[in-house]
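J.: So that you have it, the file is work-v8.cif, and it contains mmCIF, C-alpha atoms:
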data_data
#
loop_
_atom_site.group_PDB
_atom_site.id
_atom_site.type_symbol
_atom_site.label_atom_id
_atom_site.label_comp_id
_atom_site.auth_asym_id
_atom_site.auth_seq_id
_atom_site.Cartn_x
_atom_site.Cartn_y
_atom_site.Cartn_z
ATOM 1 C CA MET H 1 131.334 112.743 111.368
ATOM 2 C CA ASN H 2 131.009 112.635 107.585
ATOM 3 C CA ALA H 3 128.623 110.377 105.703
ATOM 4 C CA ASP H 4 131.655 108.304 104.702
ATOM 5 C CA ASP H 5 132.549 107.785 108.362
ATOM 6 C CA THR H 6 129.381 105.827 109.185
ATOM 7 C CA PRO H 7 130.316 102.958 111.489
ATOM 8 C CA THR H 8 129.757 99.537 110.000
ATOM 9 C CA ARG H 9 129.536 97.808 113.385
ATOM 10 C CA PRO H 10 126.324 98.059 115.432
ATOM 11 C CA ASP H 11 126.556 99.932 118.703
ATOM 12 C CA ASP H 12 128.189 97.827 121.414
ATOM 13 C CA ALA H 13 125.479 98.770 123.923
ATOM 14 C CA ALA H 14 122.781 97.571 121.519
ATOM 15 C CA GLU H 15 124.638 94.310 121.038
ATOM 16 C CA ARG H 16 124.965 93.808 124.802
ATOM 17 C CA PHE H 17 121.255 94.562 125.279
ATOM 18 C CA ALA H 18 120.278 92.098 122.530
ATOM 19 C CA ALA H 19 122.487 89.452 124.104
ATOM 20 C CA ALA H 20 120.942 90.151 127.511
ATOM 21 C CA VAL H 21 117.439 89.848 126.035
ATOM 22 C CA ASP H 22 118.396 86.496 124.527
ATOM 23 C CA GLY H 23 119.860 85.356 127.858
ATOM 24 C CA GLY H 24 116.998 86.604 130.019
ATOM 25 C CA PRO H 25 116.948 88.771 133.129
ATOM 26 C CA HIS H 26 118.835 86.349 135.361
ATOM 27 C CA GLY H 27 122.338 87.249 136.489
ATOM 28 C CA VAL H 28 122.241 90.892 135.302
ATOM 29 C CA ALA H 29 124.030 93.191 137.758
ATOM 30 C CA ASP H 30 122.227 96.419 136.774
ATOM 31 C CA PRO H 31 118.810 96.421 138.546
ATOM 32 C CA GLU H 32 117.236 98.781 135.980
ATOM 33 C CA LEU H 33 118.341 96.579 133.083
ATOM 34 C CA ALA H 34 117.208 93.468 134.961
ATOM 35 C CA ARG H 35 113.729 95.015 135.367
ATOM 36 C CA GLU H 36 113.561 95.919 131.673
ATOM 37 C CA LEU H 37 114.598 92.382 130.769
ATOM 38 C CA GLU H 38 111.889 90.967 133.050
ATOM 39 C CA ILE H 39 109.332 93.056 131.152
ATOM 40 C CA VAL H 40 110.718 91.884 127.788
ATOM 41 C CA ASP H 41 110.558 88.290 128.992
ATOM 42 C CA MET H 42 106.974 88.691 130.257
ATOM 43 C CA LEU H 43 105.812 90.284 127.009
ATOM 44 C CA ALA H 44 107.515 87.579 124.964
ATOM 45 C CA ARG H 45 105.749 84.864 126.934
ATOM 46 C CA GLN H 46 102.345 86.514 127.254
ATOM 47 C CA GLY H 47 102.343 89.012 124.399
ATOM 48 C CA SER H 48 99.435 87.468 122.523
ATOM 49 C CA GLU H 49 97.274 87.752 125.640
ATOM 50 C CA TYR H 50 97.525 91.546 125.327
ATOM 51 C CA ASP H 51 96.442 91.606 121.677
ATOM 52 C CA PRO H 52 92.972 93.052 121.151
ATOM 53 C CA ASP H 53 90.250 90.828 119.778
ATOM 54 C CA PRO H 54 89.666 91.110 116.011
ATOM 55 C CA GLU H 55 86.586 93.345 116.406
ATOM 56 C CA THR H 56 88.434 95.814 118.663
ATOM 57 C CA ARG H 57 91.398 95.816 116.295
ATOM 58 C CA ALA H 58 89.131 96.544 113.307
ATOM 59 C CA ARG H 59 87.439 99.421 115.193
ATOM 60 C CA ALA H 60 90.800 100.937 116.093
ATOM 61 C CA ARG H 61 91.974 100.579 112.501
ATOM 62 C CA ARG H 62 88.865 102.361 111.179
ATOM 63 C CA ARG H 63 89.374 105.213 113.669
ATOM 64 C CA LEU H 64 93.016 105.534 112.678
ATOM 65 C CA PHE H 65 92.248 105.656 108.956
ATOM 66 C CA ALA H 66 89.435 108.180 109.549
ATOM 67 C CA ALA H 67 91.806 110.416 111.504
ATOM 68 C CA LEU H 68 94.451 110.141 108.782
ATOM 69 C CA ALA H 69 91.864 110.962 106.116
ATOM 70 C CA GLU H 70 90.853 114.098 108.030
ATOM 71 C CA GLU H 71 94.482 115.232 108.164
ATOM 72 C CA ALA H 72 95.236 114.469 104.498
ATOM 73 C CA PRO H 73 93.321 117.486 103.073
ATOM 74 C CA LEU H 74 95.141 119.770 105.510
ATOM 75 C CA ALA H 75 98.505 118.507 104.277
ATOM 76 C CA ALA H 76 97.463 119.116 100.659
ATOM 77 C CA GLU H 77 96.543 122.735 101.476
ATOM 78 C CA ASP H 78 100.070 123.417 102.731
ATOM 79 C CA GLY H 79 101.349 123.489 99.167
ATOM 80 C CA PRO H 80 103.577 121.174 97.174
ATOM 81 C CA SER H 81 105.746 118.702 98.966
ATOM 82 C CA ARG H 82 109.443 119.401 99.280
ATOM 83 C CA ALA H 83 110.141 116.411 97.057
ATOM 84 C CA SER H 84 108.556 118.083 94.028
#
For this file, write the structure as structure tokens.

T.:
Amino acid sequence: MNADDTPTRPDDAAERFAAAVDGGPHGVADPELARELEIVDMLARQGSEYDPDPETRARARRRLFAALAEEAPLAAEDGPSRAS
């Protein structure tokens, strides 16, 4: 496939999945898809209950930025980026 041949229509399977998510898990013949849709439905209804409290979120954010800062000098030692 050439770059000019890029399909303009989204994948039919993705469209069917999105429609199934909108419709919910009821009436889906495929048991695996029905289970995935049940999980999507549960997370949509109770998603905020799984969010960490602000203090836990801030701690995780600090750890993430510290880890990224430790890796940044290593990336600089590898030489110039390919973009330059």

J.: Which neighbours of Asp41 in chain H fall inside 12 Å, counting all atoms listed in the file, when residues of the same chain fewer than 2 positions from it are skipped, and could you give them as an NGL selection string?

T.: :H and (20-26 or 34-39 or 43-47)

J.: From the set H:Ala72, H:Phe17, H:Pro52, H:Phe65, which residue has the shortest atom-to-atom contact distance to Leu33 in chain H, counting only C-alpha atoms?

T.: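 The shortest atom-to-atom distance to Leu33 in chain H comes from H:Phe17.
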
J.: One decimal, Å: what's the distance from CA of Ala19 in chain H over to CA of Tyr50 in chain H, could you say?

T.: 25.1 Å

J.: So the first atom is CA of Arg61 in chain H and the second is CA of Met42 in chain H; what is the distance between them in Å, to one decimal place?

T.: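 One can read the CA of Arg61 in chain H to CA of Met42 in chain H distance as 26.1 Å.
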
J.: Could you state the separation of CA of Gly27 in chain H and CA of Glu49 in chain H in Å, given to one decimal place?

T.: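 Atom-to-atom, CA of Gly27 in chain H to CA of Glu49 in chain H, that is 27.3 Å.
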
J.: Enclose the full set of atoms of range 47-58 of chain H listed in the file within a box whose edges lie along x, y and z, apply 3 Å of padding to each of the six sides, and report centre and edge lengths in Å to one decimal as lines of an AutoDock Vina configuration file.

T.:
center_x = 94.5
center_y = 92.0
center_z = 119.5
size_x = 21.8
size_y = 15.1
size_z = 18.3

J.: Complete range 57-72 of chain H with N, CA and C atoms (output as a compact mmCIF listing (two decimals), in the coordinates of the input).

T.:
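Wrote out_17.txt, looks like this:
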# COMPACT_ATOMS: atom_id res chain seq x y z
N ARG H 57 90.32 95.43 117.21
CA ARG H 57 91.40 95.82 116.30
C ARG H 57 90.82 96.50 115.05
N ALA H 58 89.75 95.95 114.50
CA ALA H 58 89.13 96.54 113.31
C ALA H 58 88.58 97.94 113.62
N ARG H 59 87.95 98.10 114.79
CA ARG H 59 87.44 99.42 115.19
C ARG H 59 88.57 100.44 115.30
N ALA H 60 89.65 100.04 115.93
CA ALA H 60 90.80 100.94 116.09
C ALA H 60 91.39 101.29 114.73
N ARG H 61 91.45 100.34 113.84
CA ARG H 61 91.97 100.58 112.50
C ARG H 61 91.10 101.58 111.74
N ARG H 62 89.78 101.41 111.84
CA ARG H 62 88.86 102.36 111.18
C ARG H 62 89.05 103.76 111.73
N ARG H 63 89.17 103.88 113.06
CA ARG H 63 89.37 105.21 113.67
C ARG H 63 90.68 105.84 113.20
N LEU H 64 91.73 105.03 113.12
CA LEU H 64 93.02 105.53 112.68
C LEU H 64 92.94 106.04 111.24
N PHE H 65 92.35 105.24 110.35
CA PHE H 65 92.25 105.66 108.96
C PHE H 65 91.36 106.88 108.80
N ALA H 66 90.30 107.00 109.60
CA ALA H 66 89.44 108.18 109.55
C ALA H 66 90.20 109.42 109.98
N ALA H 67 91.00 109.28 111.03
CA ALA H 67 91.81 110.42 111.50
C ALA H 67 92.84 110.81 110.46
N LEU H 68 93.46 109.84 109.82
CA LEU H 68 94.45 110.14 108.78
C LEU H 68 93.79 110.80 107.58
N ALA H 69 92.58 110.36 107.25
CA ALA H 69 91.86 110.96 106.12
C ALA H 69 91.50 112.41 106.41
N GLU H 70 91.17 112.71 107.66
CA GLU H 70 90.85 114.10 108.03
C GLU H 70 92.09 114.99 107.92
N GLU H 71 93.25 114.45 108.23
CA GLU H 71 94.48 115.23 108.16
C GLU H 71 95.01 115.38 106.74
N ALA H 72 94.70 114.44 105.86
CA ALA H 72 95.24 114.47 104.50
C ALA H 72 94.87 115.74 103.75
